[in-house]
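Trainee: Structure file upload.json (JSON, C-alpha atoms) right here:
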[["chain", "number", "residue", "atom", "x", "y", "z"],
["A", 481, "MET", "CA", 6.08, 10.53, -14.12],
["A", 482, "LYS", "CA", 7.47, 8.34, -11.36],
["A", 483, "LEU", "CA", 7.93, 10.27, -8.11],
["A", 484, "LEU", "CA", 10.09, 8.81, -5.38],
["A", 485, "THR", "CA", 11.59, 9.56, -2.01],
["A", 486, "PHE", "CA", 15.15, 8.34, -1.53],
["A", 487, "SER", "CA", 18.30, 8.79, 0.48],
["A", 488, "ALA", "CA", 21.79, 9.38, -0.89],
["A", 489, "ASN", "CA", 24.98, 10.66, 0.71],
["A", 490, "GLY", "CA", 23.27, 10.70, 4.10],
["A", 491, "LYS", "CA", 20.44, 12.99, 2.98],
["A", 492, "GLN", "CA", 16.84, 12.44, 1.97],
["A", 493, "PHE", "CA", 15.49, 13.74, -1.33],
["A", 494, "VAL", "CA", 12.38, 13.78, -3.48],
["A", 495, "GLY", "CA", 12.99, 12.96, -7.11],
["A", 496, "THR", "CA", 11.63, 11.77, -10.41],
["A", 497, "LEU", "CA", 12.86, 8.73, -12.28],
["A", 498, "GLU", "CA", 14.34, 9.40, -15.73],
["A", 499, "GLY", "CA", 15.74, 6.25, -17.29],
["A", 500, "ASP", "CA", 18.30, 4.84, -14.89],
["A", 501, "ASP", "CA", 18.76, 8.15, -13.07],
["A", 502, "VAL", "CA", 16.88, 9.97, -10.34],
["A", 503, "VAL", "CA", 16.55, 13.72, -10.83],
["A", 504, "VAL", "CA", 16.27, 15.65, -7.55],
["A", 505, "LEU", "CA", 13.31, 17.98, -7.09],
["A", 506, "ASP", "CA", 13.59, 21.20, -5.10],
["A", 507, "VAL", "CA", 10.99, 20.36, -2.46],
["A", 508, "ALA", "CA", 11.24, 19.32, 1.18],
["A", 509, "ASP", "CA", 9.21, 16.11, 1.01],
["A", 510, "MET", "CA", 6.64, 14.34, -1.15],
["A", 511, "ARG", "CA", 3.59, 15.56, 0.73],
["A", 512, "SER", "CA", 4.79, 19.14, 0.29],
["A", 513, "LEU", "CA", 5.00, 18.50, -3.45],
["A", 514, "PHE", "CA", 1.39, 17.32, -3.59],
["A", 515, "GLU", "CA", 0.30, 20.29, -1.51],
["A", 516, "LEU", "CA", 1.73, 22.70, -4.13],
["A", 517, "GLY", "CA", -1.05, 21.93, -6.58],
["A", 518, "HIS", "CA", -2.74, 19.51, -8.95],
["A", 519, "PRO", "CA", -1.83, 17.95, -11.35],
["A", 520, "VAL", "CA", 1.33, 17.18, -9.43],
["A", 521, "HIS", "CA", 3.49, 16.20, -12.42],
["A", 522, "GLN", "CA", 3.28, 19.75, -13.80],
["A", 523, "TYR", "CA", 4.63, 21.18, -10.53],
["A", 524, "ALA", "CA", 7.29, 18.48, -10.32],
["A", 525, "GLU", "CA", 8.52, 19.36, -13.81],
["A", 526, "LYS", "CA", 9.16, 22.94, -12.72],
["A", 527, "LEU", "CA", 11.09, 21.83, -9.61],
["A", 528, "LYS", "CA", 13.72, 19.70, -11.33],
["A", 529, "THR", "CA", 17.29, 20.53, -10.38],
["A", 530, "ASP", "CA", 20.62, 19.70, -12.00],
["A", 531, "LEU", "CA", 21.39, 17.21, -9.23],
["A", 532, "ARG", "CA", 20.91, 13.56, -10.17],
["A", 533, "PHE", "CA", 21.94, 10.13, -8.92],
["A", 534, "PRO", "CA", 22.02, 6.70, -10.53],
["A", 535, "LEU", "CA", 18.99, 4.74, -9.33],
["A", 536, "SER", "CA", 21.34, 1.89, -8.41],
["A", 537, "ALA", "CA", 23.20, 4.19, -5.98],
["A", 538, "VAL", "CA", 20.23, 5.39, -3.92],
["A", 539, "SER", "CA", 18.11, 3.84, -1.18],
["A", 540, "LEU", "CA", 14.40, 4.09, -1.84],
["A", 541, "GLN", "CA", 12.17, 5.14, 1.05],
["A", 542, "ALA", "CA", 8.39, 5.07, 1.41],
["A", 543, "PRO", "CA", 7.39, 7.51, -1.35],
["A", 544, "ILE", "CA", 5.04, 9.53, 0.88],
["A", 545, "ILE", "CA", 3.91, 9.81, 4.49],
["A", 546, "PRO", "CA", 0.32, 11.00, 4.20],
["A", 547, "LYS", "CA", -1.80, 12.71, 6.82],
["A", 548, "LYS", "CA", -4.39, 9.95, 6.49],
["A", 549, "ILE", "CA", -4.76, 6.53, 4.92],
["A", 550, "PHE", "CA", -8.34, 5.60, 4.07],
["A", 551, "HIS", "CA", -8.12, 1.82, 4.15],
["A", 552, "THR", "CA", -11.01, 0.41, 2.12],
["A", 553, "ALA", "CA", -11.88, -3.23, 1.52],
["A", 554, "GLY", "CA", -14.44, -5.51, -0.08],
["A", 555, "ASN", "CA", -14.07, -4.00, -3.55],
["A", 556, "TYR", "CA", -13.21, -7.25, -5.36],
["A", 557, "LYS", "CA", -15.90, -9.97, -5.43],
["A", 558, "GLU", "CA", -13.27, -12.66, -5.95],
["A", 559, "HIS", "CA", -11.80, -11.93, -2.51],
["A", 560, "ALA", "CA", -15.27, -12.07, -0.93],
["A", 561, "GLN", "CA", -15.97, -15.36, -2.67],
["A", 562, "GLU", "CA", -12.75, -16.98, -1.46],
["A", 563, "GLY", "CA", -13.60, -15.81, 2.05],
["A", 564, "ASP", "CA", -17.00, -17.50, 1.78],
["A", 565, "ARG", "CA", -15.38, -20.73, 0.57],
["A", 566, "ALA", "CA", -12.98, -20.65, 3.51],
["A", 567, "ASN", "CA", -15.84, -20.07, 5.99],
["A", 568, "TRP", "CA", -14.36, -16.76, 7.13],
["A", 569, "PRO", "CA", -16.42, -15.64, 10.15],
["A", 570, "HIS", "CA", -17.73, -12.48, 8.47],
["A", 571, "ALA", "CA", -18.77, -11.69, 4.91],
["A", 572, "ILE", "CA", -16.50, -9.36, 2.94],
["A", 573, "LYS", "CA", -18.63, -6.64, 1.39],
["A", 574, "PRO", "CA", -17.98, -3.30, -0.34],
["A", 575, "TRP", "CA", -17.72, -0.06, 1.64],
["A", 576, "ILE", "CA", -15.54, -1.39, 4.44],
["A", 577, "VAL", "CA", -13.31, 1.49, 5.56],
["A", 578, "PHE", "CA", -11.07, 2.37, 8.49],
["A", 579, "PHE", "CA", -8.02, 4.55, 9.06],
["A", 580, "GLN", "CA", -4.61, 2.91, 8.74],
["A", 581, "ASN", "CA", -1.71, 3.73, 11.06],
["A", 582, "VAL", "CA", 0.68, 6.02, 9.15],
["A", 583, "ASP", "CA", 3.45, 5.18, 11.63],
["A", 584, "ALA", "CA", 3.37, 1.59, 10.31],
["A", 585, "ILE", "CA", 4.50, 2.72, 6.84],
["A", 586, "ILE", "CA", 7.73, 1.27, 5.48],
["A", 587, "GLY", "CA", 9.30, 1.58, 2.04],
["A", 588, "PRO", "CA", 10.79, -0.76, -0.57],
["A", 589, "ASP", "CA", 13.23, -3.37, 0.74],
["A", 590, "ALA", "CA", 12.56, -2.34, 4.35],
["A", 591, "PRO", "CA", 11.99, -5.32, 6.66],
["A", 592, "ILE", "CA", 8.55, -6.41, 7.79],
["A", 593, "ILE", "CA", 9.16, -7.35, 11.41],
["A", 594, "TYR", "CA", 7.28, -10.49, 12.44],
["A", 595, "PRO", "CA", 5.84, -9.89, 15.95],
["A", 596, "GLU", "CA", 5.78, -13.53, 16.98],
["A", 597, "HIS", "CA", 4.62, -12.57, 20.45],
["A", 598, "LEU", "CA", 1.40, -11.22, 18.89],
["A", 599, "THR", "CA", 0.53, -13.46, 15.94],
["A", 600, "GLU", "CA", 1.09, -16.85, 14.35],
["A", 601, "GLU", "CA", -0.85, -16.10, 11.16],
["A", 602, "LEU", "CA", 0.88, -13.35, 9.19],
["A", 603, "ASP", "CA", -0.67, -12.69, 5.77],
["A", 604, "TYR", "CA", -0.21, -10.44, 2.73],
["A", 605, "GLU", "CA", -2.69, -8.46, 0.58],
["A", 606, "LEU", "CA", -1.67, -6.75, -2.66],
["A", 607, "GLU", "CA", -3.58, -3.51, -3.30],
["A", 608, "LEU", "CA", -3.62, -0.67, -5.81],
["A", 609, "SER", "CA", -3.80, 2.59, -3.88],
["A", 610, "ILE", "CA", -4.68, 6.15, -4.88],
["A", 611, "VAL", "CA", -2.70, 9.22, -3.85],
["A", 612, "ILE", "CA", -5.10, 12.15, -3.49],
["A", 613, "GLY", "CA", -4.06, 15.07, -5.68],
["A", 614, "LYS", "CA", -5.78, 17.93, -3.90],
["A", 615, "ALA", "CA", -7.76, 18.70, -0.76],
["A", 616, "GLY", "CA", -11.52, 18.36, -0.91],
["A", 617, "LYS", "CA", -14.68, 16.97, 0.62],
["A", 618, "HIS", "CA", -18.35, 16.25, -0.21],
["A", 619, "PHE", "CA", -17.86, 15.62, -3.93],
["A", 620, "ASN", "CA", -19.68, 13.28, -6.34],
["A", 621, "ASP", "CA", -18.43, 10.42, -8.53],
["A", 622, "GLU", "CA", -17.91, 12.63, -11.57],
["A", 623, "ASP", "CA", -15.86, 15.22, -9.68],
["A", 624, "ALA", "CA", -13.86, 12.48, -7.94],
["A", 625, "LYS", "CA", -11.79, 11.87, -11.08],
["A", 626, "ASP", "CA", -10.13, 15.25, -10.57],
["A", 627, "TYR", "CA", -8.83, 14.16, -7.15],
["A", 628, "ILE", "CA", -6.68, 11.28, -8.43],
["A", 629, "GLY", "CA", -3.08, 12.48, -8.17],
["A", 630, "GLY", "CA", -1.29, 9.18, -8.66],
["A", 631, "TYR", "CA", -1.04, 5.49, -7.88],
["A", 632, "VAL", "CA", 1.15, 3.46, -5.54],
["A", 633, "ILE", "CA", 1.45, -0.20, -4.49],
["A", 634, "PHE", "CA", 0.36, -1.16, -0.98],
["A", 635, "ASN", "CA", 0.93, -4.54, 0.69],
["A", 636, "ASP", "CA", -1.65, -4.85, 3.46],
["A", 637, "ILE", "CA", 0.15, -7.06, 6.00],
["A", 638, "THR", "CA", -2.38, -8.63, 8.35],
["A", 639, "ALA", "CA", -2.28, -10.72, 11.52],
["A", 640, "ARG", "CA", -5.22, -13.01, 10.75],
["A", 641, "ASP", "CA", -5.58, -14.51, 14.23],
["A", 642, "ILE", "CA", -5.88, -11.01, 15.71],
["A", 643, "GLN", "CA", -8.22, -9.94, 12.91],
["A", 644, "ARG", "CA", -10.47, -12.94, 13.52],
["A", 645, "ARG", "CA", -10.75, -11.98, 17.17],
["A", 646, "GLU", "CA", -11.40, -8.33, 16.35],
["A", 647, "MET", "CA", -14.15, -9.29, 13.92],
["A", 648, "GLU", "CA", -16.14, -10.86, 16.72],
["A", 649, "SER", "CA", -17.23, -7.27, 17.37],
["A", 650, "ALA", "CA", -17.65, -6.68, 13.59],
["A", 651, "ASN", "CA", -14.65, -4.38, 13.39],
["A", 652, "PHE", "CA", -10.92, -4.67, 12.75],
["A", 653, "SER", "CA", -7.97, -2.33, 12.60],
["A", 654, "PHE", "CA", -5.15, -3.28, 15.00],
["A", 655, "SER", "CA", -4.47, -6.51, 13.09],
["A", 656, "LYS", "CA", -3.39, -4.41, 10.10],
["A", 657, "ALA", "CA", -1.80, -1.45, 11.91],
["A", 658, "ILE", "CA", 1.12, -3.02, 13.78],
["A", 659, "ASP", "CA", 4.57, -1.53, 13.23],
["A", 660, "THR", "CA", 5.99, -2.26, 9.70],
["A", 661, "PHE", "CA", 2.66, -3.67, 8.48],
["A", 662, "CYS", "CA", 2.19, -0.95, 5.85],
["A", 663, "PRO", "CA", 4.69, -1.31, 2.98],
["A", 664, "LEU", "CA", 4.26, 1.35, 0.25],
["A", 665, "GLY", "CA", 6.19, 1.89, -2.96],
["A", 666, "PRO", "CA", 8.35, 1.64, -4.84],
["A", 667, "TRP", "CA", 7.26, 5.08, -6.11],
["A", 668, "ILE", "CA", 4.17, 7.05, -7.06],
["A", 669, "VAL", "CA", 3.13, 6.98, -10.71],
["A", 670, "THR", "CA", 1.23, 10.16, -11.57],
["A", 671, "ALA", "CA", -2.31, 9.86, -12.89],
["A", 672, "ASP", "CA", -1.46, 11.06, -16.40],
["A", 673, "GLU", "CA", 0.71, 7.94, -16.89],
["A", 674, "ILE", "CA", -2.20, 5.57, -16.17],
["A", 675, "PRO", "CA", -5.27, 6.87, -18.02],
["A", 676, "ASP", "CA", -7.05, 3.51, -17.55],
["A", 677, "PRO", "CA", -6.55, 2.07, -14.06],
["A", 678, "TYR", "CA", -9.04, -0.74, -14.76],
["A", 679, "ASP", "CA", -6.75, -2.92, -16.86],
["A", 680, "LEU", "CA", -3.66, -3.42, -14.71],
["A", 681, "ASP", "CA", -2.29, -6.89, -14.04],
["A", 682, "LEU", "CA", -1.77, -7.66, -10.34],
["A", 683, "GLU", "CA", 0.64, -10.28, -9.03],
["A", 684, "LEU", "CA", 2.05, -11.06, -5.59],
["A", 685, "ARG", "CA", 4.84, -13.58, -5.11],
["A", 686, "VAL", "CA", 6.32, -15.12, -1.98],
["A", 687, "ASN", "CA", 9.84, -16.47, -2.52],
["A", 688, "GLY", "CA", 9.10, -16.42, -6.25],
["A", 689, "GLU", "CA", 5.89, -18.46, -5.90],
["A", 690, "LYS", "CA", 2.83, -16.75, -7.40],
["A", 691, "ARG", "CA", 0.11, -16.33, -4.80],
["A", 692, "GLN", "CA", -2.18, -13.52, -5.99],
["A", 693, "ILE", "CA", -2.84, -13.16, -9.74],
["A", 694, "SER", "CA", -5.60, -10.86, -10.94],
["A", 695, "ASN", "CA", -6.43, -7.66, -12.79],
["A", 696, "THR", "CA", -7.97, -4.36, -11.69],
["A", 697, "SER", "CA", -10.78, -4.99, -14.20],
["A", 698, "HIS", "CA", -12.21, -7.34, -11.56],
["A", 699, "MET", "CA", -12.98, -4.43, -9.23],
["A", 700, "SER", "CA", -16.69, -4.41, -8.43],
["A", 701, "VAL", "CA", -16.87, -0.66, -7.75],
["A", 702, "THR", "CA", -15.04, 2.20, -9.44],
["A", 703, "ILE", "CA", -12.26, 4.33, -8.00],
["A", 704, "PRO", "CA", -14.37, 7.53, -8.26],
["A", 705, "GLN", "CA", -17.15, 5.76, -6.35],
["A", 706, "ILE", "CA", -14.71, 4.85, -3.58],
["A", 707, "LEU", "CA", -13.28, 8.37, -3.41],
["A", 708, "SER", "CA", -16.66, 10.12, -3.39],
["A", 709, "LYS", "CA", -18.16, 7.64, -0.90],
["A", 710, "PHE", "CA", -15.68, 8.62, 1.82],
["A", 711, "SER", "CA", -15.14, 12.26, 0.82],
["A", 712, "PRO", "CA", -17.36, 13.60, 3.65],
["A", 713, "ALA", "CA", -14.42, 12.82, 5.98],
["A", 714, "GLY", "CA", -12.31, 15.27, 3.97],
["A", 715, "TYR", "CA", -9.15, 14.59, 2.00],
["A", 716, "SER", "CA", -5.82, 16.38, 2.21],
["A", 717, "ALA", "CA", -3.41, 16.48, -0.71],
["A", 718, "GLY", "CA", -1.20, 13.40, -0.47],
["A", 719, "ASP", "CA", -3.69, 11.27, 1.45],
["A", 720, "ILE", "CA", -3.86, 7.62, 0.39],
["A", 721, "VAL", "CA", -6.98, 5.59, -0.37],
["A", 722, "THR", "CA", -6.54, 1.83, -0.74],
["A", 723, "THR", "CA", -8.82, -0.17, -3.03],
["A", 724, "GLY", "CA", -8.89, -3.63, -1.47],
["A", 725, "THR", "CA", -7.17, -6.90, -2.32],
["A", 726, "VAL", "CA", -7.82, -9.76, -4.73],
["A", 727, "SER", "CA", -8.05, -13.52, -4.27],
["A", 728, "GLY", "CA", -5.07, -15.62, -3.28],
["A", 729, "VAL", "CA", -4.39, -14.60, 0.33],
["A", 730, "ALA", "CA", -2.93, -17.22, 2.64],
["A", 731, "ALA", "CA", -5.87, -17.26, 5.07],
["A", 732, "PHE", "CA", -8.30, -18.40, 2.38],
["A", 733, "SER", "CA", -6.00, -20.93, 0.70],
["A", 734, "ALA", "CA", -6.31, -24.71, 0.86],
["A", 735, "ASP", "CA", -3.44, -24.85, 3.37],
["A", 736, "PRO", "CA", -3.21, -21.53, 5.27],
["A", 737, "GLN", "CA", -0.51, -22.69, 7.68],
["A", 738, "ALA", "CA", 1.78, -23.52, 4.76],
["A", 739, "TRP", "CA", 1.12, -20.15, 3.12],
["A", 740, "TYR", "CA", 1.31, -17.81, 6.10],
["A", 741, "LEU", "CA", 4.42, -15.63, 6.08],
["A", 742, "LYS", "CA", 7.46, -16.50, 8.15],
["A", 743, "PRO", "CA", 10.86, -14.89, 8.80],
["A", 744, "GLY", "CA", 13.06, -15.11, 5.73],
["A", 745, "ASP", "CA", 10.21, -14.86, 3.22],
["A", 746, "VAL", "CA", 10.58, -12.30, 0.44],
["A", 747, "ILE", "CA", 7.35, -10.73, -0.83],
["A", 748, "GLU", "CA", 7.14, -9.11, -4.25],
["A", 749, "ALA", "CA", 3.96, -7.12, -4.85],
["A", 750, "GLN", "CA", 3.69, -6.12, -8.50],
["A", 751, "ILE", "CA", 1.25, -3.93, -10.41],
["A", 752, "GLU", "CA", 1.51, -3.34, -14.13],
["A", 753, "LYS", "CA", 2.72, 0.17, -15.11],
["A", 754, "ILE", "CA", 3.78, 0.89, -11.53],
["A", 755, "GLY", "CA", 6.50, -1.57, -10.57],
["A", 756, "VAL", "CA", 7.44, -4.05, -7.86],
["A", 757, "LEU", "CA", 7.35, -3.46, -4.11],
["A", 758, "ARG", "CA", 9.72, -5.91, -2.46],
["A", 759, "ASN", "CA", 10.03, -6.58, 1.29],
["A", 760, "ARG", "CA", 11.57, -9.32, 3.40],
["A", 761, "VAL", "CA", 10.02, -10.68, 6.57],
["A", 762, "VAL", "CA", 12.42, -10.80, 9.53],
["A", 763, "SER", "CA", 12.08, -12.13, 13.05],
["A", 764, "TRP", "CA", 11.54, -9.82, 15.99],
["A", 765, "GLU", "CA", 15.06, -10.54, 17.21],
["A", 766, "GLU", "CA", 16.62, -9.72, 13.81],
["A", 767, "GLY", "CA", 14.57, -6.56, 13.54],
["A", 768, "HIS", "CA", 15.09, -5.28, 17.10],
["A", 769, "GLY", "CA", 18.21, -7.04, 18.32],
["A", 770, "VAL", "CA", 16.43, -8.58, 21.32],
["A", 771, "ALA", "CA", 14.20, -11.57, 21.89],
["A", 772, "ALA", "CA", 10.48, -11.08, 21.38],
["A", 773, "PRO", "CA", 8.41, -10.18, 24.46],
["A", 774, "ALA", "CA", 6.22, -12.74, 26.17],
["A", 775, "ARG", "CA", 3.31, -14.05, 24.09],
["A", 776, "GLN", "CA", 0.17, -11.93, 24.17],
["A", 777, "ARG", "CA", -3.26, -13.30, 23.32],
["A", 778, "PHE", "CA", -6.07, -11.29, 21.76]]
Starting from the file, give its structure as structure tokens.
Mentor:
Amino acid sequence: MKLLTFSANGKQFVGTLEGDDVVVLDVADMRSLFELGHPVHQYAEKLKTDLRFPLSAVSLQAPIIPKKIFHTAGNYKEHAQEGDRANWPHAIKPWIVFFQNVDAIIGPDAPIIYPEHLTEELDYELELSIVIGKAGKHFNDEDAKDYIGGYVIFNDITARDIQRREMESANFSFSKAIDTFCPLGPWIVTADEIPDPYDLDLELRVNGEKRQISNTSHMSVTIPQILSKFSPAGYSAGDIVTTGTVSGVAAFSADPQAWYLKPGDVIEAQIEKIGVLRNRVVSWEEGHGVAAPARQRF
């Protein structure tokens, strides 16, 4: 089941995609749906209404605003290896985790606003992310499978020049948490629809040019291992756990300056069996209607 948040006729709804139509669910918001119980698709089925809209007539929003985003990294060796080849200042290893800024979340087709007063090195990172199906903490790898509620695409927008400076103290967060840097979508695919999440093709394109091409089979740790590893912090239903990116980011390319994002670029982040998350990069002035503030250095 594909679960989505959308607006139509000036109102916001939660729905499920059926063919070319969106069927409205009788629930206030997506997080409330996940909080009803697990597995979520069984509860969604019972909440279907007679109200429906053509998908082409609605505006998709970020599918969910979670309480927490557990942002993990280092779970694909290929990304670590490209970082080593590019002489990135710090090794990329498994079990990197930090909390993402939920206020930075945007949905499909929403603009990524380029803060040119903060960065000159804007990058992309395609990631498969897990939507937690039920609250829990302190569980093992085997039990972790029961906490997978669904899957969603995440594009981890990153200001590399800020990140490089942050990593001088062996930590980073702000470089990935700036407003509009957290695109999610286009919808959540429930876990029952993807019984094997380790054979999904991954592809990210910028203006139609393929940049990241990989498969989730390249993951060096398992999803249950990731979920159990960080479970002592406690999960709420609807929380999101990212699984890290693959090779092909601009910063580690042969010509980073040519590959870094710029206003006008259209990014398409695609994962097999989920869909395509599309966002356009816009200038600060286009996004806010005023010139960017004075340049800040980090």
Trainee: (15.3, 6.6, -0.9) in this file's frame - what residues fall within 7 Å of it? Use all atoms listed in the file and give the answer as a ChimeraX atom specification.
Mentor: /A:485-487,492,538-541
Trainee: List the neighbours of A:Asn695 out to 8 Å using only C-alpha atoms; skip same-chain residues closer than 4 positions along the sequence, and give me the result as number ranges by chain.
Mentor: A: 678-682
Trainee: Could you name the residues that touch A:Pro712 at 8 Å or less, counting all atoms listed in the file, but leaving out those on the same chain fewer than 6 positions away, as a compact mmCIF listing (two decimals) with C-alpha atoms, in the frame of the given file?
Mentor:
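And here's result_25.txt as it stands now:
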# COMPACT_ATOMS: atom_id res chain seq x y z
CA LYS A 617 -14.68 16.97 0.62
CA HIS A 618 -18.35 16.25 -0.21
CA PHE A 619 -17.86 15.62 -3.93
Trainee: Please measure the separation of atom CA of A:Gly755 and atom CA of A:Gly718, giving the value in Å to one decimal.
Mentor: 19.6 Å
Trainee: Give the answer as one residue: which of A:Thr702, A:Asn687, A:Ser727, A:Asn581 has the shortest atom-to-atom distance to A:Arg760, using all atoms listed in the file?
Mentor: A:Asn687
Trainee: Which residue gives the smallest distance to A:Val502 among A:Tyr604, A:Tyr556, A:Trp667, A:Phe661, with all atoms listed in the file counted?
Mentor: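 The closest residue to A:Val502 is A:Trp667.
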Trainee: If I take atom CA of A:Lys753 and atom CA of A:Gly563, how far is one from the other in Å, to one decimal?
Mentor: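 These atoms are spaced 28.6 Å apart.
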Trainee: Go through A:Ile720, A:Val504, A:Ile628, A:Val577 and flag the residue nearest A:Ala524, using all atoms listed in the file for the distances.
Mentor: A:Val504
Trainee: At what distance in Å, to one decimal, does atom CA of A:Glu683 lie from atom CA of A:Ala657?
Mentor: 22.9 Å
Trainee: Is there a way to get, as JSON, numbers by chain, all residues within 9 Å of the point (7.1, 7.0, -15.6) in file coordinates, counting only C-alpha atoms?
Mentor: {"A": [481, 482, 483, 496, 497, 498, 499, 669, 670, 673, 753, 754]}
Trainee: Looking at A:Cys662, A:Ala537, A:Ser512, A:Phe778, which one is nearest to A:Gln643, with distances taken over all atoms listed in the file?
Mentor: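 Looking only at the distances to A:Gln643, the closest residue turns out to be A:Phe778.
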Trainee: If you count all atoms listed in the file, which residues fall within 10 Å of A:Lys573, apart from same-chain ones fewer than 6 positions away, as a list in words?
Mentor: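 The contact residues come out as Ala553, Gly554, Asn555, Tyr556, Lys557, His559, Ala560 and Gln561 of chain A.
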Trainee: With all atoms listed in the file as the atoms that count, which of A:Leu608, A:Ala772, A:Tyr715, A:Asn651 lies nearest to A:Ser694?
Mentor: A:Leu608
Trainee: Counting all atoms listed in the file, which of A:Ser733, A:Gly728, A:Asp501, A:His518 gets nearest to A:Ser536?
Mentor: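 Looking at the shortest contact to A:Ser536, the residue is A:Asp501.
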Trainee: Write out as a ChimeraX atom specification the residues lying within 10 Å of A:Glu596, counting only C-alpha atoms and excluding same-chain residues fewer than 3 positions away.
Mentor: /A:593,599-602,742-743,763-765,771-776
